[in-house]
>>> print(open('target_15.csv').read())   # CSV, C-alpha atoms
chain,number,residue,atom,x,y,z
A,1,MET,CA,-89.5,-185.3,254.5
A,2,LEU,CA,-87.8,-185.4,257.9
A,3,LYS,CA,-91.1,-184.4,259.5
A,4,ILE,CA,-93.3,-187.0,257.8
A,5,GLY,CA,-93.5,-189.1,261.0
A,6,GLU,CA,-95.0,-186.1,262.8
A,7,LYS,CA,-97.5,-185.6,259.9
A,8,ILE,CA,-98.5,-189.3,259.9
A,9,LYS,CA,-99.1,-189.1,263.7
A,10,GLU,CA,-101.1,-185.8,263.3
A,11,LEU,CA,-103.3,-187.3,260.5
A,12,ARG,CA,-103.8,-190.6,262.4
A,13,LYS,CA,-104.9,-188.9,265.6
A,14,ALA,CA,-107.1,-186.5,263.7
A,15,GLN,CA,-109.0,-189.4,262.1
A,16,ASP,CA,-109.0,-191.5,265.3
A,17,VAL,CA,-106.9,-194.3,263.8
A,18,THR,CA,-104.7,-196.6,265.8
A,19,GLN,CA,-101.2,-197.6,264.8
A,20,GLU,CA,-102.4,-201.1,264.5
A,21,LYS,CA,-105.1,-200.2,262.0
A,22,LEU,CA,-102.8,-198.2,259.9
A,23,ALA,CA,-100.2,-201.0,260.0
A,24,ASP,CA,-102.7,-203.6,258.9
A,25,TYR,CA,-103.8,-201.4,255.9
A,26,LEU,CA,-100.1,-201.1,254.8
A,27,ASN,CA,-99.3,-204.7,255.6
A,28,ILE,CA,-96.5,-203.8,258.0
A,29,SER,CA,-95.9,-204.1,261.7
A,30,TYR,CA,-97.3,-201.5,264.1
A,31,GLN,CA,-93.8,-201.1,265.5
A,32,ALA,CA,-92.7,-199.7,262.1
A,33,VAL,CA,-95.5,-197.0,262.3
A,34,SER,CA,-94.3,-196.2,265.9
A,35,LYS,CA,-90.7,-195.7,264.6
A,36,TRP,CA,-91.9,-193.3,261.9
A,37,GLU,CA,-93.9,-191.3,264.4
A,38,ASN,CA,-90.9,-191.1,266.9
A,39,GLY,CA,-88.5,-190.0,264.2
A,40,LEU,CA,-86.5,-193.3,264.3
A,41,ALA,CA,-87.2,-194.3,260.8
A,42,LEU,CA,-88.8,-193.1,257.5
A,43,PRO,CA,-91.5,-195.0,255.5
A,44,ASP,CA,-90.4,-196.6,252.3
A,45,ILE,CA,-91.0,-194.3,249.3
A,46,THR,CA,-93.3,-196.9,247.7
A,47,LEU,CA,-95.7,-196.6,250.7
A,48,LEU,CA,-96.3,-192.8,250.2
A,49,PRO,CA,-99.2,-193.1,247.7
A,50,LYS,CA,-100.9,-195.7,249.9
A,51,LEU,CA,-100.4,-193.5,253.0
A,52,ALA,CA,-101.8,-190.5,251.2
A,53,ASN,CA,-104.8,-192.5,250.0
A,54,PHE,CA,-105.5,-193.9,253.4
A,55,PHE,CA,-105.7,-190.4,255.0
A,56,GLY,CA,-107.4,-188.8,252.0
A,57,VAL,CA,-104.7,-186.2,251.4
A,58,SER,CA,-102.2,-185.5,248.6
A,59,THR,CA,-98.7,-186.7,248.8
A,60,ASP,CA,-97.6,-183.0,248.9
A,61,GLU,CA,-99.6,-182.5,252.1
A,62,LEU,CA,-98.3,-185.8,253.5
A,63,LEU,CA,-94.8,-184.6,252.8
A,64,ASP,CA,-95.6,-181.2,254.3
A,65,LEU,CA,-94.1,-179.5,251.2
A,66,LYS,CA,-96.1,-176.3,252.1
A,67,ALA,CA,-94.8,-176.3,255.7
A,68,SER,CA,-92.4,-173.3,255.2
A,69,GLU,CA,-95.2,-171.3,253.5
A,70,ASN,CA,-97.6,-172.2,256.3
A,71,GLU,CA,-95.1,-171.3,259.0
A,72,THR,CA,-94.6,-167.8,257.5
A,73,GLU,CA,-98.3,-167.3,257.4
A,74,LEU,CA,-98.7,-168.4,261.0
A,75,ARG,CA,-95.9,-166.1,262.2
A,76,ARG,CA,-97.8,-163.2,260.5
A,77,TYR,CA,-101.0,-164.2,262.3
A,78,GLU,CA,-99.1,-164.5,265.6
A,79,LYS,CA,-97.8,-160.9,265.2
A,80,GLU,CA,-101.3,-159.7,264.5
A,81,TYR,CA,-102.6,-161.5,267.5
A,82,HIS,CA,-100.0,-160.0,269.8
A,83,GLU,CA,-100.7,-156.5,268.4
A,84,LEU,CA,-104.4,-156.9,269.1
A,85,GLY,CA,-103.6,-158.1,272.6
A,86,ARG,CA,-101.4,-155.0,273.2
A,87,LYS,CA,-104.3,-152.8,272.2
A,88,GLY,CA,-106.8,-154.7,274.3
A,89,LYS,CA,-108.9,-155.8,271.4
A,90,VAL,CA,-110.0,-159.1,272.8
A,91,LEU,CA,-113.0,-159.8,270.6
A,92,GLU,CA,-110.8,-159.2,267.6
A,93,LYS,CA,-108.2,-161.7,269.0
A,94,ILE,CA,-111.0,-164.2,269.3
A,95,GLU,CA,-112.2,-163.6,265.7
A,96,LEU,CA,-108.6,-163.9,264.4
A,97,SER,CA,-108.1,-167.2,266.4
A,98,ARG,CA,-111.2,-168.6,264.9
A,99,LYS,CA,-110.1,-167.6,261.4
A,100,VAL,CA,-106.7,-169.3,261.9
A,101,LEU,CA,-108.3,-172.5,263.3
A,102,ASP,CA,-110.5,-172.7,260.2
A,103,LEU,CA,-107.3,-172.8,258.2
A,104,TYR,CA,-105.3,-175.0,260.6
A,105,PRO,CA,-107.9,-177.0,262.7
A,106,ARG,CA,-105.2,-179.1,264.4
A,107,ASN,CA,-103.0,-176.2,265.5
A,108,TYR,CA,-102.8,-176.5,269.3
A,109,GLN,CA,-101.1,-173.2,269.8
A,110,TRP,CA,-104.0,-171.4,268.1
A,111,MET,CA,-106.5,-173.5,270.1
A,112,LEU,CA,-104.6,-172.1,273.2
A,113,ASN,CA,-104.7,-168.6,271.7
A,114,LEU,CA,-108.4,-168.8,271.3
A,115,ALA,CA,-108.9,-170.2,274.8
A,116,TYR,CA,-106.9,-167.3,276.3
A,117,GLY,CA,-109.0,-164.8,274.4
A,118,LEU,CA,-112.2,-166.4,275.5
A,119,VAL,CA,-111.3,-166.4,279.2
A,120,SER,CA,-109.9,-162.9,279.3
A,121,TYR,CA,-113.1,-161.2,278.0
A,122,ASN,CA,-114.2,-160.2,281.5
A,123,SER,CA,-112.8,-156.7,282.3
A,124,THR,CA,-116.2,-155.0,282.5
A,125,THR,CA,-119.7,-156.0,283.5
A,126,GLU,CA,-120.8,-155.8,279.9
A,127,GLN,CA,-118.0,-158.2,278.8
A,128,GLU,CA,-118.8,-160.6,281.6
A,129,GLU,CA,-122.5,-160.7,280.5
A,130,TYR,CA,-121.5,-161.1,276.8
A,131,SER,CA,-119.1,-163.9,277.8
A,132,LYS,CA,-121.7,-165.7,279.8
A,133,GLU,CA,-124.3,-165.3,277.0
A,134,HIS,CA,-122.0,-166.8,274.4
A,135,LYS,CA,-120.6,-169.5,276.7
A,136,PHE,CA,-117.0,-168.3,276.3
A,137,ILE,CA,-115.7,-170.2,279.4
A,138,GLU,CA,-117.3,-173.4,278.3
A,139,GLU,CA,-115.8,-173.1,274.9
A,140,ALA,CA,-112.4,-172.4,276.3
A,141,ILE,CA,-112.6,-175.5,278.5
A,142,ILE,CA,-113.5,-177.7,275.6
A,143,LEU,CA,-110.5,-176.4,273.6
A,144,CYS,CA,-108.1,-177.0,276.6
A,145,GLU,CA,-109.5,-180.5,277.1
A,146,ARG,CA,-108.9,-181.3,273.5
A,147,ILE,CA,-105.3,-180.0,273.8
A,148,LEU,CA,-104.7,-182.4,276.8
A,149,GLU,CA,-106.1,-185.3,274.8
A,150,ASP,CA,-103.9,-184.9,271.7
A,151,CYS,CA,-101.1,-182.3,272.1
A,152,THR,CA,-97.7,-183.6,273.2
A,153,VAL,CA,-96.0,-180.2,273.6
A,154,ASP,CA,-95.5,-179.6,277.3
A,155,SER,CA,-95.5,-175.8,277.2
A,156,ILE,CA,-98.9,-175.8,275.4
A,157,ARG,CA,-100.3,-178.5,277.7
A,158,HIS,CA,-99.2,-176.6,280.8
A,159,SER,CA,-100.9,-173.4,279.6
A,160,ALA,CA,-104.1,-175.4,278.9
A,161,ILE,CA,-103.9,-176.8,282.4
A,162,GLN,CA,-103.6,-173.3,283.8
A,163,ILE,CA,-106.8,-172.2,282.0
A,164,LEU,CA,-108.6,-175.4,283.2
A,165,CYS,CA,-107.5,-174.9,286.8
A,166,TYR,CA,-108.7,-171.3,286.8
A,167,ASN,CA,-112.1,-172.1,285.2
A,168,TYR,CA,-113.1,-175.6,286.2
A,169,PRO,CA,-114.4,-174.4,289.6
A,170,HIS,CA,-116.8,-172.0,287.8
A,171,ILE,CA,-118.6,-175.0,286.2
A,172,GLY,CA,-118.6,-177.3,289.3
A,173,LYS,CA,-115.4,-179.2,288.5
A,174,LYS,CA,-113.3,-178.1,291.5
A,175,GLU,CA,-112.0,-181.6,292.1
A,176,GLN,CA,-110.8,-182.0,288.5
A,177,ALA,CA,-109.0,-178.7,288.9
A,178,ILE,CA,-107.3,-179.8,292.1
A,179,ARG,CA,-106.1,-183.1,290.5
A,180,LEU,CA,-104.6,-181.2,287.5
A,181,ALA,CA,-102.9,-178.7,289.8
A,182,GLU,CA,-101.4,-181.3,292.1
A,183,ASP,CA,-99.8,-183.0,289.1
A,184,MET,CA,-97.9,-179.9,288.0
A,185,PRO,CA,-94.3,-179.2,289.0
A,186,LYS,CA,-93.6,-177.2,292.2
A,187,MET,CA,-92.6,-173.5,291.8
A,188,VAL,CA,-88.9,-174.4,292.5
A,189,LEU,CA,-88.9,-176.6,289.4
A,190,SER,CA,-90.0,-173.8,287.1
A,191,LYS,CA,-88.0,-172.9,284.0
A,192,GLU,CA,-86.9,-169.6,285.7
A,193,MET,CA,-85.6,-171.2,288.8
A,194,LEU,CA,-83.8,-173.9,286.9
A,195,LEU,CA,-82.1,-171.4,284.6
A,196,SER,CA,-80.8,-169.4,287.6
A,197,HIS,CA,-78.9,-172.6,288.6
A,198,ILE,CA,-77.6,-173.3,285.1
A,199,TYR,CA,-76.3,-169.8,284.2
A,200,SER,CA,-73.3,-168.1,285.7
A,201,GLY,CA,-71.9,-164.6,285.8
A,202,LYS,CA,-73.8,-161.9,283.9
A,203,GLU,CA,-76.3,-164.3,282.5
A,204,ARG,CA,-77.2,-165.6,286.0
A,205,LEU,CA,-77.5,-162.0,287.4
A,206,LYS,CA,-80.0,-161.1,284.6
A,207,GLN,CA,-82.0,-164.3,285.3
A,208,GLU,CA,-82.1,-163.7,289.0
A,209,GLN,CA,-83.2,-160.1,288.5
A,210,ASN,CA,-86.0,-161.3,286.1
A,211,ASN,CA,-87.0,-163.8,288.7
A,212,LEU,CA,-87.0,-161.1,291.4
A,213,ARG,CA,-89.1,-158.8,289.2
A,214,PHE,CA,-91.6,-161.6,288.7
A,215,MET,CA,-91.8,-162.4,292.4
A,216,ILE,CA,-92.4,-158.8,293.4
A,217,HIS,CA,-95.3,-158.6,291.0
A,218,PHE,CA,-96.5,-162.0,292.1
A,219,CYS,CA,-96.4,-161.1,295.8
A,220,SER,CA,-98.1,-157.7,295.1
A,221,SER,CA,-100.9,-159.6,293.2
A,222,ILE,CA,-101.5,-161.9,296.2
A,223,LEU,CA,-101.8,-158.9,298.5
A,224,TYR,CA,-104.3,-157.3,296.1
A,225,LEU,CA,-106.3,-160.5,296.0
A,226,MET,CA,-106.4,-160.7,299.8
A,227,ALA,CA,-107.7,-157.2,300.0
A,228,TRP,CA,-110.1,-157.2,297.1
A,229,GLU,CA,-111.3,-160.7,296.0
A,230,SER,CA,-114.8,-161.3,297.4
A,231,ASP,CA,-114.1,-164.6,299.1
A,232,LEU,CA,-110.9,-163.3,300.8
A,233,ARG,CA,-111.7,-159.7,301.6
A,234,GLN,CA,-114.6,-160.6,303.9
A,235,ARG,CA,-112.0,-162.1,306.3
A,236,PHE,CA,-110.4,-158.6,306.9
A,237,THR,CA,-111.7,-155.3,308.3
A,238,VAL,CA,-111.7,-152.2,306.0
A,239,ASP,CA,-108.7,-150.9,307.9
A,240,GLU,CA,-106.9,-154.2,307.5
A,241,ARG,CA,-107.6,-154.2,303.7
A,242,ILE,CA,-106.2,-150.7,303.4
A,243,LYS,CA,-103.1,-151.8,305.3
A,244,ILE,CA,-102.6,-154.8,303.0
A,245,LEU,CA,-102.7,-152.7,299.9
A,246,GLU,CA,-100.5,-150.0,301.4
A,247,THR,CA,-98.0,-152.8,302.0
A,248,ALA,CA,-98.2,-153.8,298.4
A,249,ILE,CA,-97.6,-150.2,297.4
A,250,GLN,CA,-94.6,-149.8,299.7
A,251,LEU,CA,-93.1,-153.1,298.4
A,252,ASN,CA,-93.3,-151.8,294.8
A,253,GLN,CA,-91.9,-148.4,295.7
A,254,ILE,CA,-88.9,-149.9,297.5
A,255,MET,CA,-88.1,-152.2,294.6
A,256,PHE,CA,-89.1,-150.0,291.6
A,257,GLY,CA,-88.9,-146.5,293.1
A,258,ASN,CA,-86.6,-145.2,290.4
A,259,ASP,CA,-88.7,-146.7,287.5
A,260,GLU,CA,-92.1,-145.0,287.8
A,261,ASN,CA,-92.5,-145.2,284.0
A,262,GLU,CA,-92.4,-149.1,284.1
A,263,VAL,CA,-96.0,-150.0,283.1
A,264,LEU,CA,-96.6,-153.0,285.4
A,265,TYR,CA,-95.3,-151.0,288.4
A,266,SER,CA,-97.3,-147.9,287.7
A,267,GLY,CA,-100.3,-150.0,286.6
A,268,GLN,CA,-100.4,-151.8,289.9
A,269,LEU,CA,-100.1,-148.5,291.8
A,270,TYR,CA,-102.9,-147.0,289.7
A,271,LEU,CA,-105.1,-149.9,290.7
A,272,TYR,CA,-104.1,-150.2,294.3
A,273,HIS,CA,-104.7,-146.5,295.0
A,274,PHE,CA,-108.1,-146.7,293.3
A,275,ILE,CA,-109.1,-149.7,295.4
A,276,ILE,CA,-108.0,-147.9,298.6
A,277,ALA,CA,-110.2,-144.9,297.5
A,278,ARG,CA,-113.1,-147.3,297.3
A,279,PHE,CA,-112.4,-148.6,300.8
A,280,TYR,CA,-112.4,-145.0,302.2
A,281,CYS,CA,-115.8,-144.7,300.6
A,282,GLU,CA,-116.9,-147.5,302.9
A,283,LYS,CA,-115.5,-145.4,305.8
A,284,ASN,CA,-117.3,-142.3,304.4
A,285,LEU,CA,-114.1,-140.2,304.4
A,286,PRO,CA,-114.3,-138.0,301.2
A,287,GLU,CA,-111.0,-136.3,301.8
A,288,LYS,CA,-109.2,-139.6,301.9
A,289,VAL,CA,-111.2,-140.9,298.9
A,290,PHE,CA,-110.1,-137.9,296.9
A,291,GLU,CA,-106.5,-138.2,298.1
A,292,TYR,CA,-106.2,-141.7,296.7
A,293,LEU,CA,-108.1,-140.9,293.5
A,294,LEU,CA,-105.6,-138.2,292.7
A,295,LEU,CA,-102.8,-140.7,293.2
A,296,SER,CA,-104.6,-143.2,291.0
A,297,GLU,CA,-105.0,-140.5,288.4
A,298,LYS,CA,-101.2,-139.7,288.6
A,299,TYR,CA,-100.3,-143.4,287.9
A,300,ALA,CA,-102.9,-143.8,285.2
A,301,LYS,CA,-101.3,-140.8,283.3
A,302,THR,CA,-97.9,-142.3,283.8
A,303,CYS,CA,-99.0,-145.6,282.4
A,304,ASP,CA,-100.6,-144.1,279.3
A,305,ASN,CA,-97.5,-142.0,278.6
A,306,ALA,CA,-95.2,-145.1,279.1
A,307,MET,CA,-97.2,-147.1,276.5
A,308,SER,CA,-95.7,-145.1,273.7
A,309,LEU,CA,-92.1,-145.6,274.9
A,310,GLY,CA,-89.6,-148.1,273.4
A,311,GLU,CA,-87.5,-150.6,275.3
A,312,GLN,CA,-86.2,-149.1,278.6
A,313,LYS,CA,-83.4,-150.2,280.9
A,314,TYR,CA,-84.3,-150.3,284.6
A,315,LYS,CA,-82.7,-147.7,286.9
A,316,SER,CA,-83.4,-149.6,290.1
A,317,LEU,CA,-80.4,-151.2,291.7
A,318,PHE,CA,-82.4,-154.5,291.9
A,319,PHE,CA,-83.1,-154.7,288.2
A,320,ASN,CA,-80.4,-152.6,286.5
A,321,HIS,CA,-79.2,-155.5,284.2
A,322,ILE,CA,-82.5,-156.1,282.6
A,323,SER,CA,-85.0,-154.0,280.6
A,324,TRP,CA,-88.8,-153.7,280.0
A,325,ASN,CA,-90.8,-153.0,276.9
A,326,PRO,CA,-94.4,-151.7,276.9
A,327,LYS,CA,-94.9,-153.5,273.5
A,328,ASN,CA,-94.9,-156.7,275.5
A,329,ILE,CA,-97.8,-155.6,277.7
A,330,LEU,CA,-101.1,-157.4,276.8
A,331,THR,CA,-104.4,-156.1,278.2
A,332,ASN,CA,-108.0,-157.2,278.1
A,333,THR,CA,-109.5,-153.8,277.3
A,334,ASP,CA,-108.9,-151.3,274.6
A,335,LYS,CA,-109.4,-148.4,277.0
A,336,THR,CA,-106.5,-146.2,278.1
A,337,PHE,CA,-105.7,-146.3,281.9
A,338,LYS,CA,-107.3,-142.8,282.3
A,339,GLU,CA,-110.4,-144.1,280.4
A,340,GLN,CA,-110.5,-147.1,282.7
A,341,LEU,CA,-110.4,-144.9,285.8
A,342,LEU,CA,-113.1,-142.7,284.4
A,343,TYR,CA,-115.3,-145.7,283.7
A,344,ASN,CA,-114.7,-147.0,287.3
A,345,LEU,CA,-115.7,-143.7,288.8
A,346,ASP,CA,-119.3,-144.4,287.8
A,347,ASP,CA,-119.5,-147.1,290.4
A,348,LYS,CA,-122.3,-146.4,292.9
A,349,CYS,CA,-119.8,-146.2,295.8
A,350,PHE,CA,-118.7,-142.8,294.5
A,351,GLU,CA,-122.3,-141.5,294.3
A,352,PHE,CA,-122.0,-139.4,297.5
A,353,LEU,CA,-119.3,-137.4,295.7
A,354,LYS,CA,-121.3,-136.6,292.5
A,355,ASP,CA,-121.8,-132.9,293.5
A,356,ASN,CA,-118.2,-132.5,294.8
A,357,GLN,CA,-116.5,-129.9,292.5
A,358,ASP,CA,-113.1,-131.6,292.9
A,359,PHE,CA,-114.6,-134.9,291.9
A,360,ILE,CA,-116.4,-133.3,288.9
A,361,ASN,CA,-113.1,-131.7,287.8
A,362,LEU,CA,-111.3,-135.1,288.1
A,363,LYS,CA,-113.9,-136.7,285.8
A,364,ASN,CA,-113.5,-133.8,283.3
A,365,ARG,CA,-109.7,-134.2,283.2
A,366,LEU,CA,-110.1,-137.9,282.5
A,367,ASN,CA,-112.7,-137.5,279.8
A,368,PRO,CA,-111.0,-137.1,276.4
A,369,SER,CA,-114.1,-135.4,275.0
A,370,THR,CA,-113.7,-132.5,277.4
A,371,LEU,CA,-110.1,-131.8,276.5
>>> encode(input="target_15.csv", output="structure tokens")
Amino acid sequence: MLKIGEKIKELRKAQDVTQEKLADYLNISYQAVSKWENGLALPDITLLPKLANFFGVSTDELLDLKASENETELRRYEKEYHELGRKGKVLEKIELSRKVLDLYPRNYQWMLNLAYGLVSYNSTTEQEEYSKEHKFIEEAIILCERILEDCTVDSIRHSAIQILCYNYPHIGKKEQAIRLAEDMPKMVLSKEMLLSHIYSGKERLKQEQNNLRFMIHFCSSILYLMAWESDLRQRFTVDERIKILETAIQLNQIMFGNDENEVLYSGQLYLYHFIIARFYCEKNLPEKVFEYLLLSEKYAKTCDNAMSLGEQKYKSLFFNHISWNPKNILTNTDKTFKEQLLYNLDDKCFEFLKDNQDFINLKNRLNPSTL
């Protein structure tokens, strides 16, 4: 009963009804409706049948008597969604999100879940083509725009804005993306930064270490983008790109050197060494290519082994009051890291190594069918 105001607001918005129109039907003031929706008052019990009739629902639904049951079901779906994400089953995440939205069409969190699934289906050329054919990006944008129109939960709205800012430029809406981004809080006003000023003692140390961990990964990702993204890499020579990624590797090794099992750390090193190997292909230096491919293989194996671990405490001095858990890692592919490396070795830049016995041996080691 205490949530009836939220339910009235949800039904009213879903049916595009103004407070004034509802108030006229009930023969009350629109201020009364406003008070219900803001939790400042409850409707008289004699109005419940009229409210239910107006919206075309039962009084049980109006009173949200099944809310507890629904919340239990939604938690079960969230757990399933997270597990699919951990396994990289993106299409299955999309299918599950559609199923849940069929049952709960006004659930903004699941609109967001579906949008995230749609925009993350892009880890291979085949996925990108499938996404384009089925207009995944356009569908995600429509979902996020609907969230901004109706949803009042800031955390959900901010995530929707993130998706729109990343994807609006792809459909010719760069200016809209800029306006959305400029209205967002600055980095220093983020939850993480604010909590570090609220906590004290051990709580503050844990928060600061979590912030530091995030910033290291963030800085590394920027260096990766500078070296690899097509609209940035062209501004650097091949040697400069190698230097940028070597710097990202060194930064991670300094901060996480005692925690090679940590999936994000070893995952970044797997990727960075692989990209450097590609750059050495451009320089036609097969010895250097193979040197970095072997390092990429090493970190791919480390990642795959770490995915079966439970929660781990960091050993690094910089993070020794916090832990990491591979179960919290979400991917956009169901391939193992070694399988991803094997797939990427089919790129035409490695064509000149196809008869190299060391290269052949590497592909055989990565191929589960040859083990």
>>> closest_residue(input="target_15.csv", among="A:Lys327, A:Lys35, A:Asn361, A:Pro368", to="Lys87 in chain A", atoms="only C-alpha atoms")
A:Lys327
>>> closest_atom_pairs(input="target_15.csv", of="range 205-254 of chain A", to="range 264-283 of chain A", cutoff="8 Å", atoms="all atoms listed in the file", output="JSON lines")
{"residue": "A:Tyr224", "atom": "CA", "partner": "A:Tyr272", "partner_atom": "CA", "distance": 7.3}
{"residue": "A:Trp228", "atom": "CA", "partner": "A:Ile275", "partner_atom": "CA", "distance": 7.8}
{"residue": "A:Val238", "atom": "CA", "partner": "A:Phe279", "partner_atom": "CA", "distance": 6.4}
{"residue": "A:Arg241", "atom": "CA", "partner": "A:Phe279", "partner_atom": "CA", "distance": 7.9}
{"residue": "A:Ile242", "atom": "CA", "partner": "A:Ile276", "partner_atom": "CA", "distance": 5.8}
{"residue": "A:Leu245", "atom": "CA", "partner": "A:Tyr272", "partner_atom": "CA", "distance": 6.3}
{"residue": "A:Glu246", "atom": "CA", "partner": "A:Tyr272", "partner_atom": "CA", "distance": 8.0}
{"residue": "A:Ile249", "atom": "CA", "partner": "A:Leu269", "partner_atom": "CA", "distance": 6.4}
{"residue": "A:Asn252", "atom": "CA", "partner": "A:Tyr265", "partner_atom": "CA", "distance": 6.8}
>>> atom_distance(input="target_15.csv", atom1="CA of Leu232 in chain A", atom2="CA of Tyr116 in chain A")
25.1 Å
>>> closest_residue(input="target_15.csv", among="A:Arg146, A:Lys191, A:Lys9, A:His321", to="Arg213 in chain A", atoms="all atoms listed in the file")
A:His321
>>> atom_distance(input="target_15.csv", atom1="CA of Ile45 in chain A", atom2="CA of Gly5 in chain A")
13.0 Å
>>> residues_around(input="target_15.csv", residues="Ile244 in chain A", least_positions_apart="6", cutoff="8 Å", atoms="all atoms listed in the file", output="VMD selection string")
chain A and resid 223 to 224 226 to 227
>>> closest_atom_pairs(input="target_15.csv", of="range 205-304 of chain A", to="range 334-343 of chain A", cutoff="8 Å", atoms="all atoms listed in the file", output="Markdown table")
| residue | atom | partner | partner_atom | distance |
| --- | --- | --- | --- | --- |
| A:Ser296 | CA | A:Leu341 | CA | 8.0 |
| A:Glu297 | CA | A:Lys338 | CA | 6.9 |
| A:Ala300 | CA | A:Phe337 | CA | 5.0 |
| A:Lys301 | CA | A:Lys338 | CA | 6.4 |
| A:Cys303 | CA | A:Phe337 | CA | 6.8 |
| A:Asp304 | CA | A:Phe337 | CA | 6.1 |
>>> closest_residue(input="target_15.csv", among="A:Leu11, A:Leu91, A:Thr18, A:Asn305", to="Phe55 in chain A", atoms="all atoms listed in the file")
A:Leu11
